[in-house]
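Dropping my_file04.csv in here (CSV, C-alpha atoms):
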chain,number,residue,atom,x,y,z
A,1,TYR,CA,-29.8,179.6,254.1
A,2,VAL,CA,-28.4,178.5,257.5
A,3,GLY,CA,-24.9,179.4,258.8
A,4,SER,CA,-22.2,176.9,259.6
A,5,ASN,CA,-20.4,178.6,262.5
A,6,PRO,CA,-20.2,176.0,265.4
A,7,LEU,CA,-21.6,178.5,267.9
A,8,THR,CA,-24.3,179.7,265.6
A,9,CYS,CA,-24.9,176.8,263.3
A,10,CYS,CA,-28.6,176.8,263.9
A,11,VAL,CA,-29.2,180.5,263.0
A,12,SER,CA,-31.8,180.7,260.2
A,13,LEU,CA,-32.8,183.7,258.1
A,14,SER,CA,-36.0,184.1,256.1
A,15,VAL,CA,-37.5,187.0,254.1
A,16,HIS,CA,-41.2,187.2,253.2
A,17,PRO,CA,-42.2,187.7,250.5
A,18,SER,CA,-39.0,186.7,248.7
A,19,ARG,CA,-40.4,188.1,245.5
A,20,GLY,CA,-42.7,191.1,245.5
A,21,LEU,CA,-43.3,194.7,244.3
A,22,MET,CA,-41.0,197.5,245.3
A,23,ASP,CA,-43.7,199.2,247.4
A,24,GLU,CA,-44.4,196.0,249.4
A,25,LYS,CA,-43.1,195.8,253.0
A,26,PHE,CA,-41.1,192.7,253.6
A,27,ILE,CA,-40.5,190.9,256.9
A,28,ILE,CA,-37.0,189.7,257.8
A,29,LEU,CA,-37.0,186.9,260.4
A,30,VAL,CA,-33.9,185.6,262.2
A,31,GLN,CA,-34.5,182.5,264.3
A,32,LYS,CA,-32.6,180.1,266.5
A,33,ALA,CA,-30.0,182.5,267.6
A,34,LEU,CA,-28.7,182.5,271.2
A,35,PRO,CA,-30.8,184.7,273.5
A,36,GLY,CA,-29.2,188.2,273.8
A,37,PHE,CA,-27.0,187.4,270.8
A,38,GLN,CA,-25.9,190.6,268.9
A,39,LEU,CA,-26.6,190.5,265.2
A,40,THR,CA,-26.1,192.8,262.2
A,41,ILE,CA,-28.6,192.5,259.4
A,42,HIS,CA,-27.2,193.7,256.1
A,43,ALA,CA,-28.7,194.3,252.6
A,44,SER,CA,-26.6,194.7,249.4
A,45,TYR,CA,-27.5,195.5,245.8
A,46,HIS,CA,-25.3,195.9,242.8
A,47,CYS,CA,-27.0,198.5,240.5
A,48,GLU,CA,-27.1,198.5,236.7
A,49,ASP,CA,-24.8,201.6,236.6
A,50,GLY,CA,-22.1,199.7,238.5
A,51,ASN,CA,-22.6,201.3,241.9
A,52,SER,CA,-22.9,199.0,244.9
A,53,TRP,CA,-25.5,199.9,247.6
A,54,GLU,CA,-25.8,198.6,251.1
A,55,ALA,CA,-27.7,199.1,254.3
A,56,PHE,CA,-27.3,197.6,257.7
A,57,ALA,CA,-28.8,197.7,261.2
A,58,HIS,CA,-28.0,196.3,264.6
A,59,TYR,CA,-30.2,194.0,266.7
A,60,THR,CA,-30.1,191.8,269.7
A,61,ALA,CA,-32.0,188.5,269.7
A,62,ASP,CA,-34.9,188.2,272.2
A,63,ALA,CA,-35.3,185.6,274.9
A,64,GLY,CA,-36.5,183.1,272.2
A,65,GLY,CA,-33.4,183.8,270.0
A,66,THR,CA,-35.5,185.7,267.4
A,67,VAL,CA,-35.2,189.0,265.6
A,68,ASN,CA,-38.5,190.0,263.9
A,69,SER,CA,-40.2,192.9,262.3
A,70,VAL,CA,-37.2,194.1,260.3
A,71,ASP,CA,-39.4,195.2,257.6
A,72,LYS,CA,-38.1,198.3,255.9
A,73,PHE,CA,-34.6,198.1,254.3
A,74,VAL,CA,-33.8,201.2,252.2
A,75,LEU,CA,-30.5,200.9,250.5
A,76,LEU,CA,-27.9,203.6,250.3
A,77,LEU,CA,-24.4,203.6,248.9
A,78,HIS,CA,-21.9,202.5,251.6
A,79,SER,CA,-24.3,203.6,254.4
A,80,PHE,CA,-27.6,203.0,256.0
A,81,THR,CA,-30.6,205.1,255.2
A,82,GLY,CA,-34.3,204.9,256.0
A,83,TYR,CA,-35.4,203.3,259.3
A,84,HIS,CA,-35.5,200.0,261.1
A,85,ASP,CA,-37.3,198.9,264.2
A,86,GLY,CA,-34.5,198.6,266.9
A,87,SER,CA,-31.7,200.0,264.7
A,88,THR,CA,-28.7,201.5,266.5
A,89,VAL,CA,-27.2,202.9,263.3
A,90,GLU,CA,-27.4,206.6,262.6
A,91,PRO,CA,-28.8,207.4,259.2
A,92,GLN,CA,-26.6,209.0,256.6
A,93,THR,CA,-27.3,210.4,253.1
A,94,SER,CA,-25.7,210.4,249.7
A,95,SER,CA,-25.8,212.5,246.5
A,96,ARG,CA,-26.2,209.5,244.4
A,97,GLN,CA,-29.7,208.2,243.5
A,98,LEU,CA,-30.8,204.7,243.1
A,99,ARG,CA,-33.0,204.5,240.0
A,100,LYS,CA,-33.9,201.3,238.2
A,101,LYS,CA,-33.6,201.8,234.5
A,102,ASN,CA,-34.6,198.4,233.2
A,103,VAL,CA,-37.9,197.8,234.9
A,104,GLN,CA,-38.3,194.5,233.1
A,105,THR,CA,-35.8,192.9,235.5
A,106,PRO,CA,-36.0,192.8,239.3
A,107,MET,CA,-33.7,194.4,241.8
A,108,GLU,CA,-31.9,191.4,243.3
A,109,VAL,CA,-31.1,192.2,246.9
A,110,THR,CA,-28.9,190.0,249.1
A,111,ILE,CA,-30.1,190.0,252.8
A,112,SER,CA,-27.5,188.6,255.2
A,113,VAL,CA,-27.1,188.3,259.0
A,114,TYR,CA,-23.7,188.6,260.7
A,115,GLN,CA,-22.5,187.9,264.2
A,116,GLY,CA,-22.0,190.9,266.4
A,117,HIS,CA,-22.6,194.6,265.6
A,118,GLN,CA,-20.7,195.2,262.5
A,119,THR,CA,-20.3,198.5,260.6
A,120,GLU,CA,-17.9,197.7,257.7
A,121,GLY,CA,-15.9,195.1,255.9
A,122,PHE,CA,-19.0,192.9,255.1
A,123,VAL,CA,-17.4,191.6,251.8
A,124,ASP,CA,-14.6,190.2,253.8
A,125,GLN,CA,-16.8,188.3,256.3
A,126,VAL,CA,-18.7,185.1,256.1
A,127,PRO,CA,-22.4,185.7,257.0
A,128,LEU,CA,-24.3,183.4,259.3
A,129,ALA,CA,-27.0,183.2,256.7
A,130,SER,CA,-28.0,184.9,253.5
A,131,VAL,CA,-31.1,185.1,251.3
A,132,LEU,CA,-31.6,186.5,247.8
A,133,VAL,CA,-34.8,188.5,247.3
A,134,GLU,CA,-36.4,190.0,244.2
A,135,ARG,CA,-38.1,193.4,244.1
A,136,TRP,CA,-40.1,194.3,241.0
A,137,TYR,CA,-41.6,197.5,239.6
A,138,MET,CA,-43.6,195.4,237.1
A,139,ALA,CA,-46.1,192.9,238.5
A,140,PRO,CA,-46.7,189.7,236.6
A,141,GLY,CA,-48.8,190.3,233.5
A,142,VAL,CA,-48.0,194.1,233.2
A,143,HIS,CA,-47.0,195.0,229.6
A,144,ARG,CA,-44.4,197.5,228.6
A,145,ILE,CA,-45.0,199.2,225.2
A,146,PRO,CA,-42.6,201.8,223.8
A,147,ILE,CA,-44.5,204.6,222.1
A,148,THR,CA,-42.9,206.5,219.2
A,149,GLU,CA,-45.9,207.6,217.2
A,150,GLU,CA,-46.6,211.3,216.6
A,151,GLY,CA,-43.0,212.2,217.6
A,152,LEU,CA,-43.4,210.8,221.1
A,153,THR,CA,-40.6,209.2,223.2
A,154,ALA,CA,-42.7,207.5,225.8
A,155,THR,CA,-43.5,204.1,227.4
A,156,LEU,CA,-46.9,202.8,228.1
A,157,PHE,CA,-47.4,200.3,230.9
A,158,LEU,CA,-50.7,198.3,230.8
A,159,PRO,CA,-51.9,196.3,233.8
A,160,ALA,CA,-52.6,192.6,233.5
A,161,GLY,CA,-55.9,191.7,232.0
A,162,PRO,CA,-58.0,192.9,229.0
A,163,GLY,CA,-59.1,196.3,230.4
A,164,PRO,CA,-60.1,198.9,229.6
A,165,PHE,CA,-58.2,200.6,232.4
A,166,PRO,CA,-58.2,204.1,233.7
A,167,GLY,CA,-55.1,206.0,232.4
A,168,LEU,CA,-52.4,208.3,233.8
A,169,LEU,CA,-49.8,210.5,232.3
A,170,ASP,CA,-46.6,210.4,234.4
A,171,LEU,CA,-44.3,213.4,234.3
A,172,TRP,CA,-41.0,214.0,235.9
A,173,GLY,CA,-38.8,217.1,236.5
A,174,GLY,CA,-36.6,219.5,234.7
A,175,ALA,CA,-34.1,216.9,233.6
A,176,GLY,CA,-36.5,215.9,230.9
A,177,GLN,CA,-35.5,212.3,230.8
A,178,LEU,CA,-37.8,209.4,230.3
A,179,VAL,CA,-38.2,207.7,233.7
A,180,GLU,CA,-40.2,204.5,233.8
A,181,TYR,CA,-40.2,202.9,237.2
A,182,ARG,CA,-43.1,204.9,238.8
A,183,ALA,CA,-45.3,204.3,235.8
A,184,ALA,CA,-44.5,200.6,235.9
A,185,LEU,CA,-45.5,200.5,239.6
A,186,LEU,CA,-48.7,202.4,239.0
A,187,ALA,CA,-49.6,199.9,236.2
A,188,SER,CA,-48.9,197.1,238.8
A,189,HIS,CA,-51.7,198.7,240.8
A,190,GLY,CA,-54.2,198.7,237.9
A,191,ILE,CA,-53.7,202.1,236.2
A,192,ALA,CA,-52.5,202.2,232.6
A,193,SER,CA,-49.6,204.7,232.9
A,194,LEU,CA,-47.7,206.5,230.2
A,195,ALA,CA,-44.2,207.7,231.2
A,196,LEU,CA,-43.2,210.6,229.0
A,197,ASP,CA,-41.1,213.8,228.5
A,198,TYR,CA,-43.2,216.6,230.0
A,199,LEU,CA,-42.9,218.7,226.8
A,200,THR,CA,-45.2,216.3,224.9
A,201,SER,CA,-48.1,216.0,227.3
A,202,LYS,CA,-50.9,217.1,225.0
A,203,THR,CA,-49.9,214.6,222.3
A,204,ALA,CA,-49.4,211.9,224.9
A,205,TYR,CA,-52.9,212.5,226.2
A,206,ARG,CA,-54.4,211.9,222.8
A,207,VAL,CA,-52.4,208.7,222.4
A,208,LEU,CA,-53.4,207.4,225.8
A,209,GLN,CA,-57.0,208.4,225.4
A,210,LYS,CA,-57.5,206.5,222.1
A,211,HIS,CA,-55.7,203.3,223.2
A,212,PRO,CA,-58.2,200.4,223.0
A,213,GLN,CA,-57.3,199.2,226.5
A,214,VAL,CA,-57.6,202.6,228.2
A,215,CYS,CA,-60.8,204.2,229.4
A,216,GLY,CA,-60.6,207.5,227.7
A,217,SER,CA,-62.9,209.4,230.1
A,218,ARG,CA,-60.9,208.4,233.1
A,219,ILE,CA,-57.4,209.9,232.8
A,220,ALA,CA,-55.3,211.4,235.5
A,221,MET,CA,-52.0,213.3,235.4
A,222,LEU,CA,-49.1,213.0,238.0
A,223,GLY,CA,-46.2,215.4,238.0
A,224,LEU,CA,-43.1,215.9,240.1
A,225,SER,CA,-41.2,219.2,240.3
A,226,LEU,CA,-41.4,220.9,236.9
A,227,GLY,CA,-43.7,218.1,235.8
A,228,ALA,CA,-46.1,219.3,238.6
A,229,SER,CA,-46.1,222.8,237.0
A,230,PHE,CA,-47.0,221.3,233.6
A,231,THR,CA,-49.7,219.2,235.3
A,232,LEU,CA,-51.3,222.3,236.9
A,233,LYS,CA,-51.2,224.2,233.6
A,234,MET,CA,-52.8,221.3,231.6
A,235,ALA,CA,-55.4,220.7,234.3
A,236,VAL,CA,-56.5,224.3,234.3
A,237,TYR,CA,-56.0,225.6,230.8
A,238,SER,CA,-55.9,222.8,228.3
A,239,GLN,CA,-58.8,222.5,225.8
A,240,VAL,CA,-57.6,219.1,224.8
A,241,MET,CA,-56.9,217.4,228.1
A,242,LYS,CA,-60.0,216.7,230.3
A,243,LEU,CA,-58.5,215.2,233.4
A,244,ARG,CA,-60.4,213.3,236.0
A,245,CYS,CA,-57.8,214.2,238.6
A,246,ALA,CA,-54.2,215.5,239.1
A,247,VAL,CA,-51.4,214.8,241.5
A,248,CYS,CA,-48.6,217.3,242.0
A,249,ILE,CA,-45.5,216.5,244.0
A,250,GLY,CA,-43.1,219.2,245.0
A,251,GLY,CA,-44.3,221.7,242.5
A,252,SER,CA,-45.7,225.2,242.3
A,253,HIS,CA,-48.4,227.2,240.5
A,254,VAL,CA,-46.0,230.2,240.2
A,255,GLN,CA,-44.5,230.9,236.8
A,256,PRO,CA,-40.8,231.9,237.0
A,257,VAL,CA,-39.9,235.3,235.7
A,258,ASP,CA,-37.0,235.4,233.3
A,259,GLY,CA,-33.8,236.9,234.5
A,260,SER,CA,-34.4,236.2,238.2
A,261,VAL,CA,-32.2,233.1,238.6
A,262,GLU,CA,-28.8,234.5,239.5
A,263,GLN,CA,-30.2,237.1,241.9
A,264,LYS,CA,-32.2,234.7,244.0
A,265,THR,CA,-30.1,231.5,243.9
A,266,ARG,CA,-28.5,230.7,247.3
A,267,PHE,CA,-26.0,228.1,248.4
A,268,SER,CA,-25.7,225.8,251.4
A,269,GLU,CA,-22.6,225.5,253.5
A,270,GLN,CA,-21.6,222.5,251.3
A,271,ASN,CA,-22.0,224.8,248.2
A,272,GLU,CA,-25.2,223.1,247.2
A,273,THR,CA,-27.5,225.2,245.0
A,274,ILE,CA,-30.8,226.2,246.6
A,275,PHE,CA,-33.4,227.1,244.0
A,276,ARG,CA,-36.5,227.5,246.2
A,277,ASP,CA,-36.2,231.3,246.4
A,278,LEU,CA,-36.6,231.8,242.7
A,279,LEU,CA,-40.4,231.8,243.1
A,280,LEU,CA,-40.5,233.7,246.4
A,281,PRO,CA,-42.2,235.6,247.6
A,282,ILE,CA,-45.4,234.1,246.1
A,283,PRO,CA,-46.6,236.9,243.8
A,284,THR,CA,-50.0,238.5,244.3
A,285,ASP,CA,-50.3,239.3,240.6
A,286,PRO,CA,-52.6,236.6,239.3
A,287,SER,CA,-51.0,236.7,235.8
A,288,LEU,CA,-47.8,235.2,237.4
A,289,LYS,CA,-49.7,232.1,238.6
A,290,VAL,CA,-51.8,229.3,237.3
A,291,ASP,CA,-55.4,230.2,238.1
A,292,VAL,CA,-56.3,227.2,240.2
A,293,GLY,CA,-59.6,228.9,240.9
A,294,GLN,CA,-60.6,227.6,237.5
A,295,LEU,CA,-59.7,224.0,238.2
A,296,GLN,CA,-62.6,221.6,237.7
A,297,CYS,CA,-61.0,218.3,238.7
A,298,ALA,CA,-59.7,216.8,241.9
A,299,LEU,CA,-56.2,217.9,242.9
A,300,LEU,CA,-53.8,216.3,245.3
A,301,LEU,CA,-50.7,218.3,246.4
A,302,VAL,CA,-47.9,216.4,248.0
A,303,VAL,CA,-45.6,218.8,249.9
A,304,GLY,CA,-42.2,218.4,251.6
A,305,GLU,CA,-42.0,221.2,254.2
A,306,ASP,CA,-38.1,221.1,253.9
A,307,ASP,CA,-38.2,221.3,250.0
A,308,GLN,CA,-35.1,223.3,249.1
A,309,ASN,CA,-35.8,223.2,245.4
A,310,TRP,CA,-39.3,224.5,245.0
A,311,PRO,CA,-41.4,226.6,247.5
A,312,ALA,CA,-43.9,223.8,247.6
A,313,ALA,CA,-45.3,224.6,251.1
A,314,GLU,CA,-45.8,228.3,250.4
A,315,SER,CA,-47.3,227.4,247.0
A,316,ALA,CA,-49.8,225.0,248.5
A,317,LYS,CA,-50.9,227.5,251.0
A,318,ASP,CA,-51.5,230.1,248.3
A,319,MET,CA,-53.3,227.6,246.1
A,320,LYS,CA,-55.6,226.7,248.9
A,321,GLU,CA,-56.5,230.4,249.5
A,322,MET,CA,-57.1,231.0,245.8
A,323,MET,CA,-59.4,228.0,245.6
A,324,GLU,CA,-61.3,229.0,248.7
A,325,ARG,CA,-61.9,232.4,247.2
A,326,ALA,CA,-63.1,230.8,244.0
A,327,GLY,CA,-65.3,228.3,245.7
A,328,ASN,CA,-63.6,225.1,244.4
A,329,SER,CA,-61.5,224.2,247.5
A,330,HIS,CA,-63.6,221.0,247.9
A,331,LEU,CA,-61.5,219.7,245.0
A,332,LEU,CA,-58.2,220.1,246.9
A,333,THR,CA,-56.3,217.7,249.1
A,334,ILE,CA,-53.0,218.6,250.6
A,335,LEU,CA,-50.5,216.1,252.1
A,336,SER,CA,-47.8,218.1,253.9
A,337,TYR,CA,-44.8,216.4,255.6
A,338,PRO,CA,-42.3,218.0,258.1
A,339,LYS,CA,-38.6,217.5,257.5
A,340,THR,CA,-39.3,216.1,254.1
A,341,GLY,CA,-37.5,217.3,251.0
A,342,HIS,CA,-38.2,217.7,247.3
A,343,ARG,CA,-37.9,214.3,245.8
A,344,ILE,CA,-40.8,212.4,247.3
A,345,GLU,CA,-40.5,209.0,245.5
A,346,PRO,CA,-42.3,205.6,245.8
A,347,PRO,CA,-41.5,204.0,249.2
A,348,TYR,CA,-38.4,202.1,250.2
A,349,THR,CA,-36.1,204.0,247.9
A,350,PRO,CA,-33.2,206.0,249.4
A,351,HIS,CA,-33.6,209.5,250.5
A,352,VAL,CA,-31.3,211.8,248.5
A,353,ARG,CA,-30.7,215.1,250.2
A,354,ALA,CA,-28.7,216.6,247.3
A,355,GLY,CA,-27.9,215.5,243.8
A,356,ILE,CA,-26.5,216.5,240.4
A,357,PHE,CA,-29.0,218.4,238.3
A,358,ARG,CA,-28.9,220.0,234.8
A,359,THR,CA,-30.6,223.4,234.8
A,360,VAL,CA,-33.5,223.7,232.4
A,361,ASP,CA,-32.2,226.8,230.5
A,362,THR,CA,-28.5,226.2,230.2
A,363,ARG,CA,-28.3,222.4,230.9
A,364,GLN,CA,-25.4,223.2,233.2
A,365,LYS,CA,-24.6,220.6,235.9
A,366,VAL,CA,-25.1,221.8,239.4
A,367,MET,CA,-25.3,220.1,242.8
A,368,ALA,CA,-28.8,220.9,243.9
A,369,LEU,CA,-30.0,220.7,247.5
A,370,TRP,CA,-33.3,218.8,247.6
A,371,GLY,CA,-33.7,218.9,251.4
A,372,GLY,CA,-35.3,216.6,254.0
A,373,GLN,CA,-34.1,214.4,256.9
A,374,THR,CA,-33.7,210.7,256.2
A,375,VAL,CA,-36.1,209.2,258.7
A,376,GLU,CA,-38.9,211.7,258.2
A,377,HIS,CA,-38.5,211.7,254.4
A,378,SER,CA,-38.6,207.9,254.3
A,379,HIS,CA,-41.8,207.9,256.4
A,380,ALA,CA,-43.3,210.5,254.1
A,381,GLN,CA,-42.6,208.5,251.0
A,382,GLU,CA,-44.4,205.5,252.4
A,383,ASP,CA,-47.4,207.4,253.7
A,384,ALA,CA,-47.7,209.6,250.5
A,385,TRP,CA,-47.6,206.7,248.1
A,386,LYS,CA,-50.4,204.9,249.9
A,387,LYS,CA,-52.5,208.0,249.8
A,388,ILE,CA,-51.7,208.8,246.2
A,389,LEU,CA,-52.9,205.3,245.2
A,390,VAL,CA,-56.1,205.8,247.3
A,391,PHE,CA,-56.7,209.2,245.7
A,392,LEU,CA,-56.3,207.8,242.2
A,393,ARG,CA,-58.6,204.9,242.8
A,394,GLU,CA,-61.3,207.1,244.3
A,395,ASN,CA,-61.2,209.5,241.4
A,396,LEU,CA,-60.6,207.1,238.5
A,397,TYR,CA,-63.2,204.5,239.6
A,398,ASP,CA,-65.9,206.6,241.2
A,399,GLY,CA,-68.5,206.0,238.4
A,400,THR,CA,-68.9,209.6,237.4
A,401,ASP,CA,-68.2,210.9,233.8
A,402,THR,CA,-66.2,213.9,232.6
A,403,GLY,CA,-68.2,214.3,229.4
A,404,VAL,CA,-65.5,213.0,227.1
A,405,THR,CA,-67.0,210.8,224.4
A,406,THR,CA,-64.7,207.9,223.3
A,407,SER,CA,-65.3,204.4,222.1
A,408,ASN,CA,-63.6,202.9,225.0
A,409,GLN,CA,-64.8,204.9,227.9
A,410,ASP,CA,-67.3,202.4,229.4
A,411,ASP,CA,-66.8,199.4,231.6
A,412,CYS,CA,-63.4,200.4,233.1
A,413,ALA,CA,-61.8,197.4,234.7

Whole structure, structure tokens version:
Amino acid sequence: YVGSNPLTCCVSLSVHPSRGLMDEKFIILVQKALPGFQLTIHASYHCEDGNSWEAFAHYTADAGGTVNSVDKFVLLLHSFTGYHDGSTVEPQTSSRQLRKKNVQTPMEVTISVYQGHQTEGFVDQVPLASVLVERWYMAPGVHRIPITEEGLTATLFLPAGPGPFPGLLDLWGGAGQLVEYRAALLASHGIASLALDYLTSKTAYRVLQKHPQVCGSRIAMLGLSLGASFTLKMAVYSQVMKLRCAVCIGGSHVQPVDGSVEQKTRFSEQNETIFRDLLLPIPTDPSLKVDVGQLQCALLLVVGEDDQNWPAAESAKDMKEMMERAGNSHLLTILSYPKTGHRIEPPYTPHVRAGIFRTVDTRQKVMALWGGQTVEHSHAQEDAWKKILVFLRENLYDGTDTGVTTSNQDDCA
């Protein structure tokens, strides 16, 4: 789309790719502006829940009248978050979270360019140029299959093609809701992924293992927050689940002691609840921790060093020491990110420093502090996601066997 302003009628805007996956970088290119011309590039998205999100950044056209390498728009309600090359806008945060519920439709984001360095009132202005782009969690050919057998409430995402594919159980945190977008994105990268309620992981494993398009001897588990704790338990103690590898994001191997919540809960200056002290100090009593020294599969820990919800950094340090003593530390990889909070999501989604959370025991709503600084957290999400995908590929496609005998374990795609 090209603007019609007499002074800027030649300004053009293009975005590449105009249709792609949520974890793909995209390049925004403004051309044919006057040299030194001040511009604001703006992104807007109207979410399924009725909230409108926007992001903007300020640029100055170079001697050729071009603005290039604007490749990371992260949307945040009524403010800018994430990071841009050349941005002059200070990042802000919000307690709302952008989560795509219907992954079968794309996020449709309008990218616009405005004259001057604007900070507000975009809906009342006419842009110089606009482009509508699509961002998908499901790649073409990925299949979404609701699973209700054996009492499950889960969704299986199968990659394009006949398979069989390696599999993954995708667990989230204490809210216990079925969240699909990460599993859909993992399937878009070739891994059959089952999004589920963390309380049904053993049943889900059996369902995934026996699926004709899943390679039953190549199954991983990925958990965030409380889901990470379940992942560690299953990886170490389960007689049913024989995992090839496990990924734990923002979790702990420490088992909380009943009755300690009120005494150890702190509050920020904004009255946000800080839960991380519930598991501190890390106990020395081995009965209060998952014995990761018994772990027999590869483990990736993703740690935000400013996690205010779980003591992820302290837990990772203790797990490393336990595994070194047990002689299985070669199975452990730790990704640790400074100034990064609890909710480490797939890339190019907004950093949420605090948000509404229902406690596991009473289901009471509280404002929980997740932590993290916007720029550093955004960089961490991008870096961690790339390394999670590499870790999964290396361990799910490495050609070794776990000893599980199934009819569909051979010839993983």

Could you work out how far CA of Val302 (chain A) lies from CA of Val247 (chain A), giving the answer in Å with one decimal?
->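 One can read the CA of Val247 (chain A) to CA of Val302 (chain A) distance as 7.6 Å.
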
Select all residues near (-35.8, 226.5, 248.6) (cut-off 7 Å, inclusive, file coordinates), counting only C-alpha atoms, and output them as number ranges by chain.
-> A: 274-277, 307-311

Using all atoms listed in the file, which of A:Leu226, A:Glu24, A:Asp49, A:Ser329 sits nearest Arg99 (chain A)?
->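 Nearest candidate to Arg99 (chain A) out of A:Leu226, A:Glu24, A:Asp49, A:Ser329: A:Asp49.
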
Nearest to Val67 (chain A), restricted to all atoms listed in the file and choosing among A:Leu21, A:Met319, A:Val15, A:Ile191, comes out as A:Val15

Size and centre in Å, one decimal, axis-aligned box, all listed region 103-110 of chain A atoms plus 6 Å per side, as AutoDock Vina command-line options:
--center_x -33.6 --center_y 193.9 --center_z 241.1 --size_x 21.4 --size_y 19.8 --size_z 28.0

Separation of CA of Gln381 (chain A) from CA of Pro347 (chain A), in Å and rounded to one decimal = 5.0 Å

Residue with the minimum atom-to-atom distance to Lys320 (chain A), picked from A:His253, A:Lys387, A:Lys100, A:Arg218 with all atoms listed in the file counted, is A:His253

Provide region 370-387 of chain A rebuilt to N, CA and C atoms, formatted as a CSV table (one decimal), in the coordinates of the input.
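Heads up, here's the output in part-v6.csv:
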chain,number,residue,atom,x,y,z
A,370,TRP,N,-31.9,219.1,247.6
A,370,TRP,CA,-33.3,218.8,247.6
A,370,TRP,C,-34.0,218.9,249.0
A,371,GLY,N,-33.2,218.7,250.1
A,371,GLY,CA,-33.7,218.9,251.4
A,371,GLY,C,-34.2,217.6,252.0
A,372,GLY,N,-34.7,217.7,253.3
A,372,GLY,CA,-35.3,216.6,254.0
A,372,GLY,C,-34.3,215.9,254.9
A,373,GLN,N,-34.9,215.3,256.0
A,373,GLN,CA,-34.1,214.4,256.9
A,373,GLN,C,-34.5,213.0,256.6
A,374,THR,N,-33.5,212.1,256.7
A,374,THR,CA,-33.7,210.7,256.2
A,374,THR,C,-34.9,210.0,256.8
A,375,VAL,N,-35.0,210.0,258.1
A,375,VAL,CA,-36.1,209.2,258.7
A,375,VAL,C,-37.4,209.8,258.4
A,376,GLU,N,-37.6,211.1,258.5
A,376,GLU,CA,-38.9,211.7,258.2
A,376,GLU,C,-39.2,211.6,256.7
A,377,HIS,N,-38.2,211.8,255.9
A,377,HIS,CA,-38.5,211.7,254.4
A,377,HIS,C,-38.9,210.3,254.1
A,378,SER,N,-38.3,209.3,254.7
A,378,SER,CA,-38.6,207.9,254.3
A,378,SER,C,-40.1,207.6,254.8
A,379,HIS,N,-40.4,208.1,256.0
A,379,HIS,CA,-41.8,207.9,256.4
A,379,HIS,C,-42.8,208.6,255.5
A,380,ALA,N,-42.4,209.8,255.0
A,380,ALA,CA,-43.3,210.5,254.1
A,380,ALA,C,-43.5,209.8,252.8
A,381,GLN,N,-42.5,209.2,252.3
A,381,GLN,CA,-42.6,208.5,251.0
A,381,GLN,C,-43.6,207.3,251.1
A,382,GLU,N,-43.5,206.6,252.2
A,382,GLU,CA,-44.4,205.5,252.4
A,382,GLU,C,-45.8,206.0,252.6
A,383,ASP,N,-46.0,207.0,253.4
A,383,ASP,CA,-47.4,207.4,253.7
A,383,ASP,C,-48.0,208.1,252.4
A,384,ALA,N,-47.2,208.9,251.7
A,384,ALA,CA,-47.7,209.6,250.5
A,384,ALA,C,-48.1,208.6,249.4
A,385,TRP,N,-47.3,207.6,249.2
A,385,TRP,CA,-47.6,206.7,248.1
A,385,TRP,C,-48.9,206.0,248.4
A,386,LYS,N,-49.1,205.5,249.6
A,386,LYS,CA,-50.4,204.9,249.9
A,386,LYS,C,-51.6,205.8,249.6
A,387,LYS,N,-51.4,207.1,250.0
A,387,LYS,CA,-52.5,208.0,249.8
A,387,LYS,C,-52.7,208.4,248.4
